[in-house]
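Engineer: Have a peek at query30.tsv (TSV, N, CA and C atoms and all ligand atoms).
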chain	number	residue	atom	x	y	z
A	1	MET	N	22.13	48.56	122.89
A	1	MET	CA	21.39	49.81	123.04
A	1	MET	C	19.97	49.56	123.51
A	2	SER	N	19.55	50.34	124.47
A	2	SER	CA	18.19	50.16	124.98
A	2	SER	C	17.23	51.07	124.21
A	3	THR	N	15.99	50.71	124.25
A	3	THR	CA	14.98	51.52	123.58
A	3	THR	C	14.60	52.70	124.48
A	4	ALA	N	14.62	53.87	123.89
A	4	ALA	CA	14.32	55.07	124.69
A	4	ALA	C	12.84	55.09	125.08
A	5	PRO	N	12.57	55.46	126.32
A	5	PRO	CA	11.16	55.60	126.70
A	5	PRO	C	10.51	56.72	125.91
A	6	LYS	N	9.23	56.62	125.73
A	6	LYS	CA	8.48	57.57	124.90
A	6	LYS	C	8.59	59.01	125.40
A	7	HIS	N	8.70	59.17	126.71
A	7	HIS	CA	8.68	60.52	127.26
A	7	HIS	C	10.05	61.18	127.26
A	8	GLU	N	11.05	60.47	126.76
A	8	GLU	CA	12.39	61.03	126.75
A	8	GLU	C	12.44	62.26	125.84
A	9	CYS	N	13.25	63.22	126.26
A	9	CYS	CA	13.29	64.48	125.50
A	9	CYS	C	13.83	64.25	124.09
A	10	PRO	N	13.22	64.91	123.09
A	10	PRO	CA	13.68	64.75	121.71
A	10	PRO	C	15.14	65.17	121.50
A	11	CYS	N	15.66	66.05	122.36
A	11	CYS	CA	17.00	66.58	122.13
A	11	CYS	C	18.10	65.59	122.42
A	12	GLY	N	17.75	64.42	122.97
A	12	GLY	CA	18.75	63.38	123.09
A	12	GLY	C	19.38	63.23	124.47
A	13	THR	N	18.96	64.02	125.44
A	13	THR	CA	19.42	63.78	126.80
A	13	THR	C	18.68	62.56	127.33
A	14	THR	N	19.06	62.09	128.49
A	14	THR	CA	18.36	60.96	129.07
A	14	THR	C	17.23	61.43	129.97
A	15	LEU	N	17.03	62.75	130.02
A	15	LEU	CA	15.99	63.31	130.89
A	15	LEU	C	14.62	63.20	130.23
A	16	PRO	N	13.58	63.10	131.07
A	16	PRO	CA	12.23	63.20	130.51
A	16	PRO	C	12.03	64.58	129.89
A	17	TYR	N	11.20	64.64	128.88
A	17	TYR	CA	10.93	65.91	128.18
A	17	TYR	C	10.55	67.03	129.15
A	18	ALA	N	9.68	66.70	130.13
A	18	ALA	CA	9.18	67.73	131.05
A	18	ALA	C	10.30	68.33	131.90
A	19	ASP	N	11.37	67.55	132.14
A	19	ASP	CA	12.48	68.04	132.96
A	19	ASP	C	13.60	68.63	132.12
A	20	CYS	N	13.45	68.55	130.81
A	20	CYS	CA	14.51	69.03	129.92
A	20	CYS	C	13.95	70.21	129.13
A	21	CYS	N	13.82	70.07	127.83
A	21	CYS	CA	13.38	71.19	127.00
A	21	CYS	C	11.94	71.60	127.31
A	22	GLY	N	11.13	70.68	127.79
A	22	GLY	CA	9.74	70.99	128.09
A	22	GLY	C	9.58	72.14	129.07
A	23	ARG	N	10.55	72.25	130.00
A	23	ARG	CA	10.48	73.34	130.98
A	23	ARG	C	10.54	74.69	130.28
A	24	PHE	N	11.42	74.78	129.28
A	24	PHE	CA	11.57	76.06	128.58
A	24	PHE	C	10.39	76.31	127.65
A	25	HIS	N	9.91	75.25	127.01
A	25	HIS	CA	8.76	75.42	126.11
A	25	HIS	C	7.54	75.88	126.88
A	26	ALA	N	7.35	75.32	128.07
A	26	ALA	CA	6.15	75.63	128.85
A	26	ALA	C	6.24	77.01	129.47
A	27	GLY	N	7.44	77.42	129.82
A	27	GLY	CA	7.57	78.66	130.58
A	27	GLY	C	8.48	79.66	129.92
A	28	ALA	N	8.33	79.79	128.61
A	28	ALA	CA	9.25	80.62	127.85
A	28	ALA	C	9.44	82.01	128.47
A	29	GLN	N	8.40	82.54	129.03
A	29	GLN	CA	8.51	83.89	129.58
A	29	GLN	C	9.13	83.88	130.98
A	30	HIS	N	9.09	82.76	131.65
A	30	HIS	CA	9.50	82.73	133.05
A	30	HIS	C	10.83	82.02	133.26
A	31	LEU	N	11.02	80.95	132.50
A	31	LEU	CA	12.22	80.16	132.69
A	31	LEU	C	13.05	80.25	131.42
A	32	MET	N	14.25	80.79	131.55
A	32	MET	CA	15.08	80.98	130.38
A	32	MET	C	16.17	79.92	130.34
A	33	ALA	N	16.50	79.47	129.16
A	33	ALA	CA	17.59	78.52	129.00
A	33	ALA	C	18.87	79.16	129.53
A	34	PRO	N	19.57	78.47	130.43
A	34	PRO	CA	20.73	79.07	131.09
A	34	PRO	C	21.96	79.21	130.21
A	35	THR	N	22.05	78.41	129.18
A	35	THR	CA	23.21	78.47	128.29
A	35	THR	C	22.74	78.41	126.84
A	36	ALA	N	23.64	78.79	125.93
A	36	ALA	CA	23.31	78.72	124.51
A	36	ALA	C	23.04	77.27	124.10
A	37	GLU	N	23.78	76.34	124.71
A	37	GLU	CA	23.56	74.94	124.35
A	37	GLU	C	22.17	74.48	124.78
A	38	ALA	N	21.76	74.87	125.96
A	38	ALA	CA	20.42	74.50	126.43
A	38	ALA	C	19.36	75.10	125.52
A	39	LEU	N	19.59	76.34	125.09
A	39	LEU	CA	18.64	76.97	124.18
A	39	LEU	C	18.62	76.24	122.84
A	40	MET	N	19.81	75.90	122.35
A	40	MET	CA	19.89	75.19	121.08
A	40	MET	C	19.13	73.86	121.15
A	41	ARG	N	19.34	73.14	122.23
A	41	ARG	CA	18.63	71.87	122.40
A	41	ARG	C	17.11	72.08	122.44
A	42	SER	N	16.70	73.11	123.14
A	42	SER	CA	15.26	73.36	123.26
A	42	SER	C	14.67	73.78	121.92
A	43	ARG	N	15.49	74.43	121.09
A	43	ARG	CA	14.99	74.82	119.77
A	43	ARG	C	14.90	73.61	118.85
A	44	TYR	N	15.87	72.70	118.96
A	44	TYR	CA	15.75	71.46	118.19
A	44	TYR	C	14.48	70.71	118.58
A	45	SER	N	14.26	70.58	119.88
A	45	SER	CA	13.05	69.90	120.35
A	45	SER	C	11.80	70.61	119.86
A	46	ALA	N	11.86	71.94	119.82
A	46	ALA	CA	10.71	72.71	119.35
A	46	ALA	C	10.45	72.44	117.86
A	47	TYR	N	11.52	72.25	117.09
A	47	TYR	CA	11.33	71.89	115.68
A	47	TYR	C	10.62	70.54	115.57
A	48	THR	N	11.06	69.58	116.39
A	48	THR	CA	10.46	68.25	116.29
A	48	THR	C	8.99	68.28	116.70
A	49	LEU	N	8.64	69.23	117.57
A	49	LEU	CA	7.26	69.32	118.06
A	49	LEU	C	6.47	70.41	117.35
A	50	GLN	N	7.14	71.09	116.41
A	50	GLN	CA	6.53	72.18	115.63
A	50	GLN	C	5.96	73.28	116.51
A	51	LEU	N	6.77	73.70	117.47
A	51	LEU	CA	6.37	74.78	118.38
A	51	LEU	C	6.88	76.11	117.80
A	52	ASP	N	6.16	76.58	116.81
A	52	ASP	CA	6.63	77.76	116.09
A	52	ASP	C	6.75	78.99	116.98
A	53	ASP	N	5.83	79.14	117.91
A	53	ASP	CA	5.88	80.32	118.79
A	53	ASP	C	7.18	80.35	119.59
A	54	TYR	N	7.59	79.17	120.04
A	54	TYR	CA	8.83	79.10	120.81
A	54	TYR	C	10.04	79.41	119.93
A	55	LEU	N	10.01	78.89	118.71
A	55	LEU	CA	11.12	79.13	117.79
A	55	LEU	C	11.26	80.62	117.50
A	56	LEU	N	10.14	81.28	117.31
A	56	LEU	CA	10.18	82.72	117.02
A	56	LEU	C	10.60	83.51	118.25
A	57	ALA	N	10.12	83.09	119.42
A	57	ALA	CA	10.41	83.82	120.66
A	57	ALA	C	11.90	83.74	121.01
A	58	THR	N	12.57	82.70	120.52
A	58	THR	CA	13.99	82.53	120.86
A	58	THR	C	14.89	82.92	119.70
A	59	TRP	N	14.34	83.61	118.73
A	59	TRP	CA	15.07	84.05	117.54
A	59	TRP	C	15.38	85.53	117.69
A	60	HIS	N	16.61	85.93	117.44
A	60	HIS	CA	16.95	87.34	117.58
A	60	HIS	C	16.12	88.17	116.59
A	61	PRO	N	15.57	89.31	117.06
A	61	PRO	CA	14.68	90.11	116.19
A	61	PRO	C	15.33	90.51	114.88
A	62	SER	N	16.65	90.66	114.85
A	62	SER	CA	17.31	91.14	113.63
A	62	SER	C	17.33	90.07	112.53
A	63	THR	N	17.21	88.80	112.91
A	63	THR	CA	17.28	87.73	111.91
A	63	THR	C	16.03	86.86	111.91
A	64	ARG	N	15.07	87.19	112.74
A	64	ARG	CA	13.85	86.38	112.88
A	64	ARG	C	13.05	86.38	111.58
A	65	PRO	N	12.61	85.20	111.13
A	65	PRO	CA	11.82	85.16	109.89
A	65	PRO	C	10.46	85.83	110.06
A	66	THR	N	10.00	86.40	108.98
A	66	THR	CA	8.72	87.09	109.05
A	66	THR	C	7.61	86.29	108.37
A	67	THR	N	8.01	85.21	107.71
A	67	THR	CA	7.01	84.36	107.08
A	67	THR	C	6.80	83.12	107.95
A	68	PRO	N	5.62	82.51	107.87
A	68	PRO	CA	5.36	81.33	108.70
A	68	PRO	C	6.32	80.19	108.38
A	69	PHE	N	6.57	79.36	109.38
A	69	PHE	CA	7.45	78.21	109.19
A	69	PHE	C	6.82	77.21	108.24
A	70	HIS	N	7.68	76.62	107.44
A	70	HIS	CA	7.21	75.51	106.62
A	70	HIS	C	7.79	74.22	107.20
A	71	HIS	N	6.93	73.38	107.74
A	71	HIS	CA	7.38	72.08	108.23
A	71	HIS	C	7.10	71.05	107.13
A	72	GLU	N	8.15	70.44	106.67
A	72	GLU	CA	8.02	69.46	105.59
A	72	GLU	C	7.12	68.32	106.03
A	73	PRO	N	6.02	68.08	105.31
A	73	PRO	CA	5.13	66.98	105.72
A	73	PRO	C	5.88	65.65	105.64
A	74	GLY	N	5.73	64.86	106.67
A	74	GLY	CA	6.33	63.53	106.66
A	74	GLY	C	7.77	63.50	107.16
A	75	LEU	N	8.33	64.69	107.41
A	75	LEU	CA	9.71	64.71	107.90
A	75	LEU	C	9.76	64.25	109.36
A	76	ARG	N	10.67	63.35	109.63
A	76	ARG	CA	10.84	62.86	111.00
A	76	ARG	C	12.23	63.24	111.49
A	77	TRP	N	12.28	63.87	112.65
A	77	TRP	CA	13.57	64.18	113.27
A	77	TRP	C	14.03	62.97	114.05
A	78	LEU	N	15.29	62.59	113.84
A	78	LEU	CA	15.79	61.35	114.45
A	78	LEU	C	16.71	61.59	115.63
A	79	GLY	N	17.35	62.74	115.66
A	79	GLY	CA	18.23	62.94	116.79
A	79	GLY	C	19.15	64.13	116.63
A	80	LEU	N	19.66	64.55	117.76
A	80	LEU	CA	20.55	65.70	117.83
A	80	LEU	C	21.84	65.30	118.51
A	81	GLN	N	22.93	65.80	117.95
A	81	GLN	CA	24.22	65.59	118.59
A	81	GLN	C	24.93	66.94	118.66
A	82	VAL	N	25.21	67.39	119.87
A	82	VAL	CA	25.94	68.64	120.04
A	82	VAL	C	27.43	68.33	120.01
A	83	LEU	N	28.12	68.95	119.04
A	83	LEU	CA	29.54	68.66	118.86
A	83	LEU	C	30.41	69.57	119.71
A	84	SER	N	30.01	70.83	119.81
A	84	SER	CA	30.78	71.75	120.64
A	84	SER	C	29.92	72.92	121.07
A	85	HIS	N	30.29	73.47	122.20
A	85	HIS	CA	29.61	74.65	122.73
A	85	HIS	C	30.71	75.58	123.23
A	86	GLU	N	30.79	76.74	122.66
A	86	GLU	CA	31.86	77.66	123.01
A	86	GLU	C	31.26	79.02	123.30
A	87	GLN	N	31.45	79.47	124.52
A	87	GLN	CA	30.99	80.81	124.86
A	87	GLN	C	32.16	81.75	124.61
A	88	THR	N	32.01	82.63	123.59
A	88	THR	CA	33.15	83.44	123.16
A	88	THR	C	33.32	84.68	124.02
A	89	ASP	N	32.25	85.20	124.58
A	89	ASP	CA	32.35	86.20	125.64
A	89	ASP	C	31.05	86.15	126.43
A	90	THR	N	30.84	87.12	127.30
A	90	THR	CA	29.70	87.05	128.21
A	90	THR	C	28.39	86.83	127.49
A	91	ASP	N	28.24	87.49	126.35
A	91	ASP	CA	26.94	87.49	125.69
A	91	ASP	C	26.94	86.87	124.29
A	92	HIS	N	28.01	86.15	123.96
A	92	HIS	CA	28.05	85.51	122.64
A	92	HIS	C	28.51	84.06	122.79
A	93	ALA	N	27.90	83.20	122.01
A	93	ALA	CA	28.28	81.79	122.06
A	93	ALA	C	28.03	81.14	120.71
A	94	GLN	N	28.74	80.03	120.47
A	94	GLN	CA	28.54	79.25	119.26
A	94	GLN	C	28.31	77.81	119.66
A	95	VAL	N	27.38	77.18	118.97
A	95	VAL	CA	27.11	75.77	119.21
A	95	VAL	C	27.14	75.07	117.85
A	96	GLU	N	27.93	74.01	117.79
A	96	GLU	CA	27.99	73.23	116.56
A	96	GLU	C	27.28	71.91	116.82
A	97	PHE	N	26.44	71.53	115.87
A	97	PHE	CA	25.63	70.34	116.11
A	97	PHE	C	25.34	69.60	114.80
A	98	VAL	N	24.89	68.39	114.96
A	98	VAL	CA	24.39	67.60	113.84
A	98	VAL	C	22.96	67.19	114.18
A	99	ALA	N	22.05	67.47	113.28
A	99	ALA	CA	20.65	67.04	113.45
A	99	ALA	C	20.33	66.07	112.32
A	100	ARG	N	19.80	64.92	112.69
A	100	ARG	CA	19.47	63.91	111.69
A	100	ARG	C	17.96	63.83	111.51
A	101	SER	N	17.56	63.63	110.28
A	101	SER	CA	16.14	63.52	109.99
A	101	SER	C	15.94	62.53	108.85
A	102	LYS	N	14.69	62.21	108.62
A	102	LYS	CA	14.36	61.28	107.55
A	102	LYS	C	13.12	61.78	106.84
A	103	LEU	N	13.20	61.76	105.52
A	103	LEU	CA	12.07	62.21	104.72
A	103	LEU	C	11.90	61.27	103.54
A	104	GLY	N	10.73	60.71	103.45
A	104	GLY	CA	10.46	59.80	102.34
A	104	GLY	C	11.45	58.65	102.24
A	105	GLY	N	11.87	58.13	103.41
A	105	GLY	CA	12.77	56.99	103.41
A	105	GLY	C	14.23	57.37	103.24
A	106	ARG	N	14.51	58.66	103.04
A	106	ARG	CA	15.90	59.08	102.87
A	106	ARG	C	16.39	59.83	104.11
A	107	ALA	N	17.58	59.48	104.53
A	107	ALA	CA	18.17	60.09	105.72
A	107	ALA	C	18.89	61.37	105.35
A	108	HIS	N	18.73	62.37	106.21
A	108	HIS	CA	19.43	63.64	106.03
A	108	HIS	C	20.22	63.96	107.28
A	109	ARG	N	21.32	64.65	107.06
A	109	ARG	CA	22.18	65.00	108.17
A	109	ARG	C	22.51	66.48	108.00
A	110	LEU	N	22.07	67.27	108.95
A	110	LEU	CA	22.33	68.71	108.91
A	110	LEU	C	23.41	69.04	109.94
A	111	ARG	N	24.49	69.62	109.45
A	111	ARG	CA	25.52	70.07	110.37
A	111	ARG	C	25.55	71.58	110.34
A	112	GLU	N	25.45	72.19	111.50
A	112	GLU	CA	25.38	73.65	111.56
A	112	GLU	C	26.17	74.18	112.73
A	113	ARG	N	26.79	75.34	112.48
A	113	ARG	CA	27.39	76.09	113.57
A	113	ARG	C	26.51	77.32	113.79
A	114	SER	N	25.84	77.34	114.91
A	114	SER	CA	24.89	78.41	115.19
A	114	SER	C	25.52	79.45	116.10
A	115	ARG	N	25.13	80.68	115.88
A	115	ARG	CA	25.58	81.77	116.75
A	115	ARG	C	24.43	82.23	117.63
A	116	PHE	N	24.76	82.49	118.88
A	116	PHE	CA	23.76	82.92	119.86
A	116	PHE	C	24.21	84.19	120.54
A	117	VAL	N	23.26	85.03	120.86
A	117	VAL	CA	23.52	86.29	121.53
A	117	VAL	C	22.65	86.36	122.78
A	118	ARG	N	23.23	86.83	123.86
A	118	ARG	CA	22.42	87.04	125.05
A	118	ARG	C	21.96	88.48	125.08
A	119	ASP	N	20.68	88.64	125.10
A	119	ASP	CA	20.06	89.95	125.02
A	119	ASP	C	19.20	90.11	126.26
A	120	ASP	N	19.55	91.09	127.11
A	120	ASP	CA	18.76	91.32	128.31
A	120	ASP	C	18.69	90.04	129.17
A	121	GLY	N	19.79	89.32	129.25
A	121	GLY	CA	19.87	88.13	130.09
A	121	GLY	C	19.32	86.87	129.46
A	122	ARG	N	18.89	86.97	128.23
A	122	ARG	CA	18.19	85.86	127.61
A	122	ARG	C	18.90	85.44	126.33
A	123	TRP	N	19.26	84.15	126.23
A	123	TRP	CA	19.93	83.67	125.03
A	123	TRP	C	18.96	83.61	123.85
A	124	LEU	N	19.45	84.09	122.70
A	124	LEU	CA	18.65	84.08	121.48
A	124	LEU	C	19.48	83.53	120.33
A	125	TYR	N	18.81	82.85	119.42
A	125	TYR	CA	19.46	82.35	118.22
A	125	TYR	C	19.66	83.50	117.26
A	126	LEU	N	20.89	83.63	116.74
A	126	LEU	CA	21.16	84.72	115.79
A	126	LEU	C	21.16	84.18	114.36
A	127	ASP	N	22.09	83.33	114.05
A	127	ASP	CA	22.12	82.73	112.71
A	127	ASP	C	23.03	81.50	112.75
A	128	GLY	N	23.13	80.87	111.60
A	128	GLY	CA	23.94	79.66	111.57
A	128	GLY	C	24.54	79.44	110.19
A	129	VAL	N	25.66	78.73	110.18
A	129	VAL	CA	26.32	78.34	108.94
A	129	VAL	C	26.26	76.83	108.85
A	130	THR	N	25.74	76.33	107.74
A	130	THR	CA	25.64	74.89	107.59
A	130	THR	C	26.82	74.36	106.81
A	131	GLY	N	27.00	73.05	106.93
A	131	GLY	CA	28.04	72.40	106.16
A	131	GLY	C	29.20	71.99	107.04
B	1	ZN	ZN	15.78	68.38	125.84
Let me see whether you can do it: turn the structure in this file into structure tokens.
Ligand SMILES: [Zn+2]

Structural biologist:
Amino acid sequence: MSTAPKHECPCGTTLPYADCCGRFHAGAQHLMAPTAEALMRSRYSAYTLQLDDYLLATWHPSTRPTTPFHHEPGLRWLGLQVLSHEQTDTDHAQVEFVARSKLGGRAHRLRERSRFVRDDGRWLYLDGVTG
């Protein structure tokens, strides 16, 4: 295994951040993630970079949190693995993924099936079931 270059996107593609999720983070109003999977990846990257505005902007209004995000101090995100991406109809999709992190020397593994809705041409995170 080779060591990933520093500028590689946090979401685990081999693309540089600027050519991957960075495009969506920088241009949230102009450039929309073309698929639910791309949006999911960009949201994972946004978590690792603590881009709360982006997380809120890509959250469906009906389920969007109203309290500020709590980022666990010292938590390190280690990687994302997308297990499946299924578009169930034109405007609905599900993405199942595993996100790994480490906190205080202990490894955590979050497995979630997230639901996404396309609203006015734009994919939004609706909710997710973990486990
Ligand atoms: Zn990315």

Engineer: If you count only C-alpha atoms and all ligand atoms, which residues end up within 8 Å of ligand ZN 1 (chain B), as a list in words?

Structural biologist: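 Residues satisfying the distance criterion: Cys9, Pro10, Cys11, Gly12, Thr13, Leu15, Pro16, Tyr17, Asp19, Cys20, Cys21, Gly22, Ala38, Arg41, Ser42 and Ser45 of chain A.
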
Engineer: Using the chain letters and numbers from this document, which residues of chain A does DSSP assign to strand (DSSP E or B), as an NGL selection string?

Structural biologist: :A and (8 or 16 or 59 or 76-89 or 92-103 or 106-119 or 122-130)

Engineer: Going by DSSP on the backbone, which residues of range 15-97 of chain A come out as alpha helix (DSSP H)? List them as a PDB file with N, CA and C atoms, in the frame of the given file.

Structural biologist:
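File states12.pdb, as written:
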ATOM      1  N   CYS A  21      13.820  70.070 127.830  1.00  0.00           N
ATOM      2  CA  CYS A  21      13.380  71.190 127.000  1.00  0.00           C
ATOM      3  C   CYS A  21      11.940  71.600 127.310  1.00  0.00           C
ATOM      4  N   GLY A  22      11.130  70.680 127.790  1.00  0.00           N
ATOM      5  CA  GLY A  22       9.740  70.990 128.090  1.00  0.00           C
ATOM      6  C   GLY A  22       9.580  72.140 129.070  1.00  0.00           C
ATOM      7  N   ARG A  23      10.550  72.250 130.000  1.00  0.00           N
ATOM      8  CA  ARG A  23      10.480  73.340 130.980  1.00  0.00           C
ATOM      9  C   ARG A  23      10.540  74.690 130.280  1.00  0.00           C
ATOM     10  N   PHE A  24      11.420  74.780 129.280  1.00  0.00           N
ATOM     11  CA  PHE A  24      11.570  76.060 128.580  1.00  0.00           C
ATOM     12  C   PHE A  24      10.390  76.310 127.650  1.00  0.00           C
ATOM     13  N   HIS A  25       9.910  75.250 127.010  1.00  0.00           N
ATOM     14  CA  HIS A  25       8.760  75.420 126.110  1.00  0.00           C
ATOM     15  C   HIS A  25       7.540  75.880 126.880  1.00  0.00           C
ATOM     16  N   ALA A  26       7.350  75.320 128.070  1.00  0.00           N
ATOM     17  CA  ALA A  26       6.150  75.630 128.850  1.00  0.00           C
ATOM     18  C   ALA A  26       6.240  77.010 129.470  1.00  0.00           C
ATOM     19  N   ALA A  36      23.640  78.790 125.930  1.00  0.00           N
ATOM     20  CA  ALA A  36      23.310  78.720 124.510  1.00  0.00           C
ATOM     21  C   ALA A  36      23.040  77.270 124.100  1.00  0.00           C
ATOM     22  N   GLU A  37      23.780  76.340 124.710  1.00  0.00           N
ATOM     23  CA  GLU A  37      23.560  74.940 124.350  1.00  0.00           C
ATOM     24  C   GLU A  37      22.170  74.480 124.780  1.00  0.00           C
ATOM     25  N   ALA A  38      21.760  74.870 125.960  1.00  0.00           N
ATOM     26  CA  ALA A  38      20.420  74.500 126.430  1.00  0.00           C
ATOM     27  C   ALA A  38      19.360  75.100 125.520  1.00  0.00           C
ATOM     28  N   LEU A  39      19.590  76.340 125.090  1.00  0.00           N
ATOM     29  CA  LEU A  39      18.640  76.970 124.180  1.00  0.00           C
ATOM     30  C   LEU A  39      18.620  76.240 122.840  1.00  0.00           C
ATOM     31  N   MET A  40      19.810  75.900 122.350  1.00  0.00           N
ATOM     32  CA  MET A  40      19.890  75.190 121.080  1.00  0.00           C
ATOM     33  C   MET A  40      19.130  73.860 121.150  1.00  0.00           C
ATOM     34  N   ARG A  41      19.340  73.140 122.230  1.00  0.00           N
ATOM     35  CA  ARG A  41      18.630  71.870 122.400  1.00  0.00           C
ATOM     36  C   ARG A  41      17.110  72.080 122.440  1.00  0.00           C
ATOM     37  N   SER A  42      16.700  73.110 123.140  1.00  0.00           N
ATOM     38  CA  SER A  42      15.260  73.360 123.260  1.00  0.00           C
ATOM     39  C   SER A  42      14.670  73.780 121.920  1.00  0.00           C
ATOM     40  N   ARG A  43      15.490  74.430 121.090  1.00  0.00           N
ATOM     41  CA  ARG A  43      14.990  74.820 119.770  1.00  0.00           C
ATOM     42  C   ARG A  43      14.900  73.610 118.850  1.00  0.00           C
ATOM     43  N   TYR A  44      15.870  72.700 118.960  1.00  0.00           N
ATOM     44  CA  TYR A  44      15.750  71.460 118.190  1.00  0.00           C
ATOM     45  C   TYR A  44      14.480  70.710 118.580  1.00  0.00           C
ATOM     46  N   SER A  45      14.260  70.580 119.880  1.00  0.00           N
ATOM     47  CA  SER A  45      13.050  69.900 120.350  1.00  0.00           C
ATOM     48  C   SER A  45      11.800  70.610 119.860  1.00  0.00           C
ATOM     49  N   ALA A  46      11.860  71.940 119.820  1.00  0.00           N
ATOM     50  CA  ALA A  46      10.710  72.710 119.350  1.00  0.00           C
ATOM     51  C   ALA A  46      10.450  72.440 117.860  1.00  0.00           C
ATOM     52  N   TYR A  47      11.520  72.250 117.090  1.00  0.00           N
ATOM     53  CA  TYR A  47      11.330  71.890 115.680  1.00  0.00           C
ATOM     54  C   TYR A  47      10.620  70.540 115.570  1.00  0.00           C
ATOM     55  N   THR A  48      11.060  69.580 116.390  1.00  0.00           N
ATOM     56  CA  THR A  48      10.460  68.250 116.290  1.00  0.00           C
ATOM     57  C   THR A  48       8.990  68.280 116.700  1.00  0.00           C
ATOM     58  N   LEU A  49       8.640  69.230 117.570  1.00  0.00           N
ATOM     59  CA  LEU A  49       7.260  69.320 118.060  1.00  0.00           C
ATOM     60  C   LEU A  49       6.470  70.410 117.350  1.00  0.00           C
ATOM     61  N   ASP A  52       6.160  76.580 116.810  1.00  0.00           N
ATOM     62  CA  ASP A  52       6.630  77.760 116.090  1.00  0.00           C
ATOM     63  C   ASP A  52       6.750  78.990 116.980  1.00  0.00           C
ATOM     64  N   ASP A  53       5.830  79.140 117.910  1.00  0.00           N
ATOM     65  CA  ASP A  53       5.880  80.320 118.790  1.00  0.00           C
ATOM     66  C   ASP A  53       7.180  80.350 119.590  1.00  0.00           C
ATOM     67  N   TYR A  54       7.590  79.170 120.040  1.00  0.00           N
ATOM     68  CA  TYR A  54       8.830  79.100 120.810  1.00  0.00           C
ATOM     69  C   TYR A  54      10.040  79.410 119.930  1.00  0.00           C
ATOM     70  N   LEU A  55      10.010  78.890 118.710  1.00  0.00           N
ATOM     71  CA  LEU A  55      11.120  79.130 117.790  1.00  0.00           C
ATOM     72  C   LEU A  55      11.260  80.620 117.500  1.00  0.00           C
ATOM     73  N   LEU A  56      10.140  81.280 117.310  1.00  0.00           N
ATOM     74  CA  LEU A  56      10.180  82.720 117.020  1.00  0.00           C
ATOM     75  C   LEU A  56      10.600  83.510 118.250  1.00  0.00           C
ATOM     76  N   ALA A  57      10.120  83.090 119.420  1.00  0.00           N
ATOM     77  CA  ALA A  57      10.410  83.820 120.660  1.00  0.00           C
ATOM     78  C   ALA A  57      11.900  83.740 121.010  1.00  0.00           C
TER      79      ALA A  57
END

Engineer: Considering only N, CA and C atoms, state which residue in the set A:Met40, A:Val117, A:Leu51, A:Val98 is at the smallest distance from Gln81 in chain A.

Structural biologist: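 Among the listed residues, the smallest separation from Gln81 in chain A belongs to A:Val98.
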
Engineer: Take every atom of range 105-123 of chain A listed in the file, fit an axis-aligned box around them, add 4 Å per side, and give the centre and edge lengths in Å to one decimal as lines of an AutoDock Vina configuration file.

Structural biologist:
center_x = 19.6
center_y = 74.2
center_z = 116.5
size_x = 23.5
size_y = 42.3
size_z = 35.2

Engineer: Please determine, counting only C-alpha atoms, which residue among A:Leu31, A:Leu103, A:Ala46, A:Ala57 has the shortest atom-to-atom distance to Glu72 in chain A.

Structural biologist: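 With only C-alpha atoms as the atom set, the closest residue is A:Leu103.
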
Engineer: Measure the distance from CA of Arg113 in chain A to CA of Thr67 in chain A in Å and round it to one decimal.

Structural biologist: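 Value for the CA of Arg113 in chain A-CA of Thr67 in chain A distance: 22.9 Å.
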
Engineer: Skipping near chain neighbours, those fewer than 2 positions away, what residues fall within 12 Å of Gly104 in chain A using only C-alpha atoms, listed as a PyMOL selection string?

Structural biologist: chain A and resi 72-76+101-102+106-108

Engineer: Leu55 in chain A: which residues within 8 Å, counting all atoms listed in the file, same-chain residues fewer than 2 positions away excluded, as a PyMOL selection string?

Structural biologist: chain A and resi 42-43+46-47+50-53+57-60+64-65

Engineer: Neighbours of Leu83 in chain A within 8 Å (only N, CA and C atoms; same-chain residues fewer than 6 positions away dropped), as a list in words?

Structural biologist: Val95, Glu96, Phe97 and Val98 of chain A

Engineer: Convert the current residue selection to file output with N, CA and C atoms, as a compact mmCIF listing (two decimals), keeping the file's coordinate frame.

Structural biologist:
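For reference, part.txt as written:
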# COMPACT_ATOMS: atom_id res chain seq x y z
N VAL A 95 27.38 77.18 118.97
CA VAL A 95 27.11 75.77 119.21
C VAL A 95 27.14 75.07 117.85
N GLU A 96 27.93 74.01 117.79
CA GLU A 96 27.99 73.23 116.56
C GLU A 96 27.28 71.91 116.82
N PHE A 97 26.44 71.53 115.87
CA PHE A 97 25.63 70.34 116.11
C PHE A 97 25.34 69.60 114.80
N VAL A 98 24.89 68.39 114.96
CA VAL A 98 24.39 67.60 113.84
C VAL A 98 22.96 67.19 114.18

Engineer: Could you jot down the atom C of Glu112 in chain A to atom C of Val129 in chain A separation for me, Å, one decimal place?

Structural biologist: 4.7 Å

Engineer: Please report the interatomic distance between atom C of Thr88 in chain A and atom N of Tyr44 in chain A in Å with one decimal.

Structural biologist: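 Taking atom C of Thr88 in chain A as the start and atom N of Tyr44 in chain A as the end point, the length is 21.8 Å.
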